[in-house]
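Here is the structure we will look at, set down as structure tokens.
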Amino acid sequence: QVRLVESGGGLVQPGGSLRLSCAASGRVFSINTMAWYRQAPGKQREWVATHRSGDTTNYADSVKGRFTISRDNAKNTVYLQMNSLKPEDTAVYYCKAQGVDVFYWGQGTQVTVSS
């Protein structure tokens, strides 16, 4: 089992920045890919960014150039640096950890972008 705990969400004004963290514990050696997803009210959960072993990263078009995913293997933590935030970025942000045949979700952290 892998436990994921997200933190760093909050209320920020448009144009502001936030950094989300996702700390993993348990059988972390089984994980090769970490990702962030988000779910806005009334909408389906959508993929935001992925970090794969070897430092390969991918981003949804809606966040490309504004968000950066990174990983600290020593701390078993993945981060999502979010800059130039927009009201449409408002959502609950979830961390996902994926191994060969398993995946795990965190509990989510709320991000609200509003003036």
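Following the order of the structure tokens, first chain is A, next is B, and so on, with residues numbered from 1 inside each chain and ligands from 1 in the order they appear.
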Leaving out Asn73 in chain A and any residue of its chain fewer than 5 positions from it, which residues lie within 12 Å of it when counting only C-alpha atoms, given as a VMD selection string? chain A and resid 22 to 25 28 to 29 31 to 34 51 to 55 78 to 79
How would the residues just chosen look if you wrote them out with C-alpha atoms as a PDB file, in the first residue's frame?
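Below is the file result_5.pdb, written as the result:
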ATOM      1  CA  CYS A  22       2.186  15.270  -2.261  1.00  0.00           C
ATOM      2  CA  ALA A  23       4.085  13.159   0.258  1.00  0.00           C
ATOM      3  CA  ALA A  24       4.138   9.407  -0.318  1.00  0.00           C
ATOM      4  CA  SER A  25       4.714   6.742   2.313  1.00  0.00           C
ATOM      5  CA  VAL A  28       6.991   3.792  -2.484  1.00  0.00           C
ATOM      6  CA  PHE A  29       9.543   1.588  -4.277  1.00  0.00           C
ATOM      7  CA  ILE A  31       5.827   3.619  -7.768  1.00  0.00           C
ATOM      8  CA  ASN A  32       7.298   4.780 -11.069  1.00  0.00           C
ATOM      9  CA  THR A  33       4.905   7.537 -12.095  1.00  0.00           C
ATOM     10  CA  MET A  34       3.412  10.416 -10.154  1.00  0.00           C
ATOM     11  CA  HIS A  51       6.252  12.952 -13.803  1.00  0.00           C
ATOM     12  CA  ARG A  52       7.813   9.655 -14.871  1.00  0.00           C
ATOM     13  CA  SER A  53      11.025   7.969 -13.793  1.00  0.00           C
ATOM     14  CA  GLY A  54      13.895   9.582 -15.666  1.00  0.00           C
ATOM     15  CA  ASP A  55      12.423  13.053 -15.137  1.00  0.00           C
ATOM     16  CA  VAL A  78       6.066  15.333  -5.757  1.00  0.00           C
ATOM     17  CA  TYR A  79       5.315  19.013  -6.207  1.00  0.00           C
TER      18      TYR A  79
END
Set out as a Markdown table a contact list for range 1-83 of chain A and range 88-108 of chain A with a cut-off of 8 Å, giving each residue of range 1-83 of chain A that qualifies its closest atom pair and distance in Å to one decimal, counting only C-alpha atoms, ordered by chain and rising residue number.
| residue | atom | partner | partner_atom | distance |
| --- | --- | --- | --- | --- |
| A:Val2 | CA | A:Tyr104 | CA | 6.6 |
| A:Arg3 | CA | A:Gly106 | CA | 7.1 |
| A:Leu4 | CA | A:Gly106 | CA | 4.7 |
| A:Val5 | CA | A:Gly106 | CA | 5.6 |
| A:Glu6 | CA | A:Gly108 | CA | 6.1 |
| A:Cys22 | CA | A:Cys95 | CA | 6.3 |
| A:Ser30 | CA | A:Gly99 | CA | 5.5 |
| A:Ile31 | CA | A:Gly99 | CA | 4.4 |
| A:Asn32 | CA | A:Gly99 | CA | 5.5 |
| A:Thr33 | CA | A:Gln98 | CA | 5.2 |
| A:Met34 | CA | A:Ala97 | CA | 4.7 |
| A:Ala35 | CA | A:Lys96 | CA | 5.1 |
| A:Trp36 | CA | A:Cys95 | CA | 4.7 |
| A:Tyr37 | CA | A:Tyr94 | CA | 5.1 |
| A:Arg38 | CA | A:Tyr93 | CA | 4.2 |
| A:Gln39 | CA | A:Ala91 | CA | 5.2 |
| A:Ala40 | CA | A:Ala91 | CA | 4.2 |
| A:Pro41 | CA | A:Ala91 | CA | 6.9 |
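Candidate residues A:Lys43, A:Lys86, A:Lys64, A:Arg71 were compared for distance to Ser17 in chain A, and the nearest is A:Lys86, using only C-alpha atoms.
Residue nearest Asp72 in chain A, chosen from A:Leu85, A:Ser21, A:Gln44, A:Asn58 and counting only C-alpha atoms: A:Ser21.
Distances from A:Arg27, A:Gln81, A:Gly15, A:Gly65 to Ser115 in chain A were compared using only C-alpha atoms, and the smallest one belongs to A:Gly15.
CA of Thr50 in chain A lies 18.5 Å from CA of Ala74 in chain A.
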Which residues come within 7 Å of Ser114 in chain A, counting only C-alpha atoms, excluding same-chain residues fewer than 4 positions away, as a list in words? Val12, Gln13, Pro14 and Pro87 of chain A
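Considering only C-alpha atoms, the residue among A:Arg66, A:Arg45, A:Lys75, A:Arg19 positioned nearest to Val111 in chain A is A:Arg19.
Distances from A:Ala49, A:Ala60, A:Leu18, A:Val113 to Asn83 in chain A were compared using only C-alpha atoms, and the smallest one belongs to A:Leu18.
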Taking only chain A into account, list the residues labelled helix (DSSP H, G or I) by DSSP (computed from the backbone), as a PyMOL selection string. chain A and resi 28-30+87-89
Using only all heavy atoms, please write the residues we just selected to a file, as a PDB file, in the first residue's frame.
ATOM      1  N   VAL A  28       6.702   2.792  -1.446  1.00  0.00           N
ATOM      2  CA  VAL A  28       6.991   3.792  -2.484  1.00  0.00           C
ATOM      3  C   VAL A  28       7.899   3.239  -3.576  1.00  0.00           C
ATOM      4  O   VAL A  28       7.917   3.769  -4.687  1.00  0.00           O
ATOM      5  CB  VAL A  28       7.593   5.068  -1.870  1.00  0.00           C
ATOM      6  CG1 VAL A  28       6.578   5.744  -0.959  1.00  0.00           C
ATOM      7  CG2 VAL A  28       8.872   4.766  -1.122  1.00  0.00           C
ATOM      8  N   PHE A  29       8.652   2.164  -3.274  1.00  0.00           N
ATOM      9  CA  PHE A  29       9.543   1.588  -4.277  1.00  0.00           C
ATOM     10  C   PHE A  29       8.760   1.013  -5.452  1.00  0.00           C
ATOM     11  O   PHE A  29       9.305   0.770  -6.522  1.00  0.00           O
ATOM     12  CB  PHE A  29      10.413   0.498  -3.651  1.00  0.00           C
ATOM     13  CG  PHE A  29       9.619  -0.608  -3.020  1.00  0.00           C
ATOM     14  CD1 PHE A  29       9.161  -1.685  -3.780  1.00  0.00           C
ATOM     15  CD2 PHE A  29       9.324  -0.588  -1.664  1.00  0.00           C
ATOM     16  CE1 PHE A  29       8.425  -2.696  -3.209  1.00  0.00           C
ATOM     17  CE2 PHE A  29       8.596  -1.602  -1.080  1.00  0.00           C
ATOM     18  CZ  PHE A  29       8.144  -2.658  -1.856  1.00  0.00           C
ATOM     19  N   SER A  30       7.465   0.776  -5.239  1.00  0.00           N
ATOM     20  CA  SER A  30       6.632   0.203  -6.304  1.00  0.00           C
ATOM     21  C   SER A  30       6.110   1.257  -7.272  1.00  0.00           C
ATOM     22  O   SER A  30       5.486   0.921  -8.280  1.00  0.00           O
ATOM     23  CB  SER A  30       5.446  -0.544  -5.683  1.00  0.00           C
ATOM     24  OG  SER A  30       4.574   0.363  -5.032  1.00  0.00           O
ATOM     25  N   PRO A  87      -8.993  31.906 -12.594  1.00  0.00           N
ATOM     26  CA  PRO A  87     -10.191  31.398 -11.906  1.00  0.00           C
ATOM     27  C   PRO A  87     -10.575  29.995 -12.369  1.00  0.00           C
ATOM     28  O   PRO A  87     -11.067  29.193 -11.568  1.00  0.00           O
ATOM     29  CB  PRO A  87     -11.258  32.426 -12.279  1.00  0.00           C
ATOM     30  CG  PRO A  87     -10.492  33.691 -12.468  1.00  0.00           C
ATOM     31  CD  PRO A  87      -9.198  33.273 -13.097  1.00  0.00           C
ATOM     32  N   GLU A  88     -10.336  29.683 -13.623  1.00  0.00           N
ATOM     33  CA  GLU A  88     -10.683  28.350 -14.127  1.00  0.00           C
ATOM     34  C   GLU A  88      -9.768  27.250 -13.611  1.00  0.00           C
ATOM     35  O   GLU A  88     -10.007  26.071 -13.869  1.00  0.00           O
ATOM     36  CB  GLU A  88     -10.698  28.337 -15.660  1.00  0.00           C
ATOM     37  CG  GLU A  88      -9.457  28.894 -16.317  1.00  0.00           C
ATOM     38  CD  GLU A  88      -9.630  30.354 -16.716  1.00  0.00           C
ATOM     39  OE1 GLU A  88     -10.189  31.134 -15.921  1.00  0.00           O
ATOM     40  OE2 GLU A  88      -9.172  30.704 -17.826  1.00  0.00           O
ATOM     41  N   ASP A  89      -8.725  27.612 -12.875  1.00  0.00           N
ATOM     42  CA  ASP A  89      -7.878  26.614 -12.218  1.00  0.00           C
ATOM     43  C   ASP A  89      -8.470  26.165 -10.885  1.00  0.00           C
ATOM     44  O   ASP A  89      -7.937  25.247 -10.245  1.00  0.00           O
ATOM     45  CB  ASP A  89      -6.473  27.168 -11.974  1.00  0.00           C
ATOM     46  CG  ASP A  89      -5.715  27.448 -13.269  1.00  0.00           C
ATOM     47  OD1 ASP A  89      -5.797  26.624 -14.186  1.00  0.00           O
ATOM     48  OD2 ASP A  89      -5.041  28.497 -13.337  1.00  0.00           O
TER      49      ASP A  89
END
Residue set, chain A restricted to strand (DSSP E or B), as a CSV table (one decimal) with N, CA and C atoms, in the first residue's frame:
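Result written to result_27.csv:
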chain,number,residue,atom,x,y,z
A,2,VAL,N,0.4,2.3,-0.6
A,2,VAL,CA,1.0,3.6,-0.6
A,2,VAL,C,0.0,4.6,-0.1
A,3,ARG,N,0.5,5.5,0.8
A,3,ARG,CA,-0.4,6.5,1.3
A,3,ARG,C,0.1,7.9,0.7
A,4,LEU,N,-0.8,8.7,0.2
A,4,LEU,CA,-0.5,10.0,-0.4
A,4,LEU,C,-1.2,11.1,0.4
A,5,VAL,N,-0.4,12.1,0.8
A,5,VAL,CA,-1.0,13.2,1.5
A,5,VAL,C,-0.7,14.5,0.8
A,6,GLU,N,-1.7,15.2,0.3
A,6,GLU,CA,-1.5,16.4,-0.4
A,6,GLU,C,-1.6,17.6,0.6
A,7,SER,N,-0.9,18.7,0.2
A,7,SER,CA,-1.0,19.9,1.0
A,7,SER,C,-0.6,21.1,0.1
A,10,GLY,N,-5.2,26.4,-1.2
A,10,GLY,CA,-5.7,27.6,-0.5
A,10,GLY,C,-6.4,28.5,-1.5
A,11,LEU,N,-6.6,29.7,-1.0
A,11,LEU,CA,-7.2,30.8,-1.7
A,11,LEU,C,-6.1,31.7,-2.3
A,12,VAL,N,-6.2,32.0,-3.6
A,12,VAL,CA,-5.2,32.9,-4.2
A,12,VAL,C,-5.9,33.8,-5.2
A,18,LEU,N,0.8,29.2,-6.3
A,18,LEU,CA,0.8,28.2,-5.2
A,18,LEU,C,1.7,27.0,-5.5
A,19,ARG,N,2.2,26.4,-4.5
A,19,ARG,CA,2.9,25.1,-4.7
A,19,ARG,C,2.2,24.0,-3.9
A,20,LEU,N,1.8,23.0,-4.6
A,20,LEU,CA,1.2,21.9,-3.9
A,20,LEU,C,2.3,20.8,-3.7
A,21,SER,N,2.1,20.1,-2.6
A,21,SER,CA,3.0,19.0,-2.3
A,21,SER,C,2.2,17.7,-2.1
A,22,CYS,N,2.8,16.6,-2.4
A,22,CYS,CA,2.2,15.3,-2.3
A,22,CYS,C,3.3,14.3,-1.7
A,23,ALA,N,3.1,14.0,-0.4
A,23,ALA,CA,4.1,13.2,0.3
A,23,ALA,C,3.6,11.7,0.2
A,24,ALA,N,4.5,10.8,-0.2
A,24,ALA,CA,4.1,9.4,-0.3
A,24,ALA,C,4.8,8.6,0.8
A,25,SER,N,4.1,7.6,1.3
A,25,SER,CA,4.7,6.7,2.3
A,25,SER,C,4.2,5.3,2.1
A,26,GLY,N,4.9,4.4,2.7
A,26,GLY,CA,4.6,3.0,2.4
A,26,GLY,C,5.5,2.3,1.4
A,33,THR,N,5.5,6.3,-11.5
A,33,THR,CA,4.9,7.5,-12.1
A,33,THR,C,4.1,8.3,-11.1
A,34,MET,N,4.2,9.6,-11.0
A,34,MET,CA,3.4,10.4,-10.2
A,34,MET,C,2.7,11.4,-11.0
A,35,ALA,N,1.5,11.8,-10.7
A,35,ALA,CA,0.7,12.7,-11.5
A,35,ALA,C,-0.2,13.5,-10.6
A,36,TRP,N,-0.6,14.7,-11.2
A,36,TRP,CA,-1.6,15.5,-10.6
A,36,TRP,C,-2.9,15.5,-11.5
A,37,TYR,N,-4.0,15.5,-10.8
A,37,TYR,CA,-5.3,15.6,-11.5
A,37,TYR,C,-6.1,16.7,-10.7
A,38,ARG,N,-7.1,17.2,-11.3
A,38,ARG,CA,-8.0,18.1,-10.6
A,38,ARG,C,-9.5,17.9,-11.0
A,39,GLN,N,-10.3,18.3,-10.1
A,39,GLN,CA,-11.8,18.2,-10.4
A,39,GLN,C,-12.5,19.4,-9.9
A,46,GLU,N,-9.9,15.7,-14.2
A,46,GLU,CA,-9.1,15.8,-15.4
A,46,GLU,C,-7.6,15.7,-15.1
A,47,TRP,N,-6.8,15.2,-16.0
A,47,TRP,CA,-5.4,15.1,-15.8
A,47,TRP,C,-4.7,16.5,-16.0
A,48,VAL,N,-3.7,16.7,-15.1
A,48,VAL,CA,-3.0,18.0,-15.2
A,48,VAL,C,-1.5,17.8,-15.6
A,49,ALA,N,-0.8,16.9,-14.9
A,49,ALA,CA,0.6,16.8,-15.2
A,49,ALA,C,1.1,15.4,-14.7
A,50,THR,N,2.1,14.9,-15.4
A,50,THR,CA,2.7,13.6,-15.0
A,50,THR,C,4.2,13.8,-14.9
A,51,HIS,N,4.8,13.1,-13.9
A,51,HIS,CA,6.3,13.0,-13.8
A,51,HIS,C,6.6,11.5,-13.8
A,52,ARG,N,7.4,11.1,-14.8
A,52,ARG,CA,7.8,9.7,-14.9
A,52,ARG,C,9.3,9.5,-14.5
A,56,THR,N,10.9,12.6,-17.0
A,56,THR,CA,10.1,12.9,-18.1
A,56,THR,C,8.8,13.5,-17.6
A,57,THR,N,8.4,14.7,-18.1
A,57,THR,CA,7.2,15.3,-17.6
A,57,THR,C,6.3,15.6,-18.8
A,58,ASN,N,5.0,15.6,-18.5
A,58,ASN,CA,4.0,16.0,-19.5
A,58,ASN,C,2.9,16.9,-18.9
A,59,TYR,N,2.3,17.7,-19.6
A,59,TYR,CA,1.3,18.7,-19.1
A,59,TYR,C,0.1,18.8,-20.0
A,67,PHE,N,2.3,25.7,-15.1
A,67,PHE,CA,2.5,24.7,-14.0
A,67,PHE,C,3.8,23.9,-14.3
A,68,THR,N,4.5,23.5,-13.2
A,68,THR,CA,5.7,22.7,-13.3
A,68,THR,C,5.6,21.6,-12.2
A,69,ILE,N,5.7,20.4,-12.7
A,69,ILE,CA,5.7,19.2,-11.8
A,69,ILE,C,7.2,18.8,-11.5
A,70,SER,N,7.5,18.5,-10.3
A,70,SER,CA,8.8,18.1,-9.9
A,70,SER,C,8.7,17.0,-8.8
A,71,ARG,N,9.8,16.3,-8.6
A,71,ARG,CA,9.8,15.2,-7.7
A,71,ARG,C,11.1,15.2,-6.9
A,72,ASP,N,11.0,15.0,-5.6
A,72,ASP,CA,12.2,14.8,-4.7
A,72,ASP,C,12.2,13.4,-4.2
A,77,THR,N,8.4,12.9,-2.4
A,77,THR,CA,7.4,13.9,-2.5
A,77,THR,C,7.4,14.4,-3.9
A,78,VAL,N,6.2,14.7,-4.4
A,78,VAL,CA,6.1,15.3,-5.8
A,78,VAL,C,5.4,16.7,-5.5
A,79,TYR,N,5.8,17.7,-6.3
A,79,TYR,CA,5.3,19.0,-6.2
A,79,TYR,C,4.6,19.5,-7.5
A,80,LEU,N,3.7,20.4,-7.3
A,80,LEU,CA,3.1,21.1,-8.5
A,80,LEU,C,3.2,22.6,-8.2
A,81,GLN,N,4.1,23.2,-8.9
A,81,GLN,CA,4.3,24.7,-8.8
A,81,GLN,C,3.3,25.3,-9.8
A,82,MET,N,2.4,26.1,-9.3
A,82,MET,CA,1.4,26.7,-10.2
A,82,MET,C,1.5,28.2,-10.2
A,91,ALA,N,-10.3,24.2,-8.3
A,91,ALA,CA,-10.6,22.8,-8.3
A,91,ALA,C,-10.0,22.1,-7.1
A,92,VAL,N,-10.4,20.9,-6.8
A,92,VAL,CA,-9.7,20.0,-5.9
A,92,VAL,C,-8.6,19.3,-6.6
A,93,TYR,N,-7.4,19.4,-6.2
A,93,TYR,CA,-6.3,18.8,-6.8
A,93,TYR,C,-5.9,17.5,-6.1
A,94,TYR,N,-5.7,16.5,-6.9
A,94,TYR,CA,-5.4,15.2,-6.4
A,94,TYR,C,-4.1,14.7,-6.9
A,95,CYS,N,-3.4,14.0,-6.1
A,95,CYS,CA,-2.1,13.3,-6.4
A,95,CYS,C,-2.4,11.9,-6.7
A,96,LYS,N,-1.8,11.3,-7.7
A,96,LYS,CA,-1.9,9.9,-8.1
A,96,LYS,C,-0.5,9.3,-8.2
A,97,ALA,N,-0.4,8.1,-7.6
A,97,ALA,CA,0.9,7.4,-7.7
A,97,ALA,C,0.6,6.1,-8.4
A,98,GLN,N,1.4,5.7,-9.4
A,98,GLN,CA,1.1,4.6,-10.2
A,98,GLN,C,2.3,3.7,-10.3
A,103,PHE,N,-2.5,1.6,-8.6
A,103,PHE,CA,-2.4,3.0,-8.5
A,103,PHE,C,-3.1,3.5,-7.2
A,104,TYR,N,-2.7,4.6,-6.7
A,104,TYR,CA,-3.2,5.1,-5.5
A,104,TYR,C,-3.6,6.6,-5.7
A,105,TRP,N,-4.6,7.1,-4.9
A,105,TRP,CA,-5.0,8.5,-4.9
A,105,TRP,C,-4.8,9.1,-3.5
A,109,THR,N,-6.6,18.4,-2.3
A,109,THR,CA,-6.5,19.7,-1.6
A,109,THR,C,-7.1,20.8,-2.5
A,110,GLN,N,-7.9,21.6,-1.8
A,110,GLN,CA,-8.7,22.6,-2.6
A,110,GLN,C,-7.8,23.8,-3.0
A,111,VAL,N,-8.0,24.2,-4.2
A,111,VAL,CA,-7.3,25.4,-4.7
A,111,VAL,C,-8.4,26.3,-5.3
A,112,THR,N,-8.5,27.5,-4.7
A,112,THR,CA,-9.5,28.5,-5.2
A,112,THR,C,-8.8,29.7,-5.7
A,113,VAL,N,-9.1,30.1,-6.9
A,113,VAL,CA,-8.5,31.3,-7.5
A,113,VAL,C,-9.6,32.3,-7.7
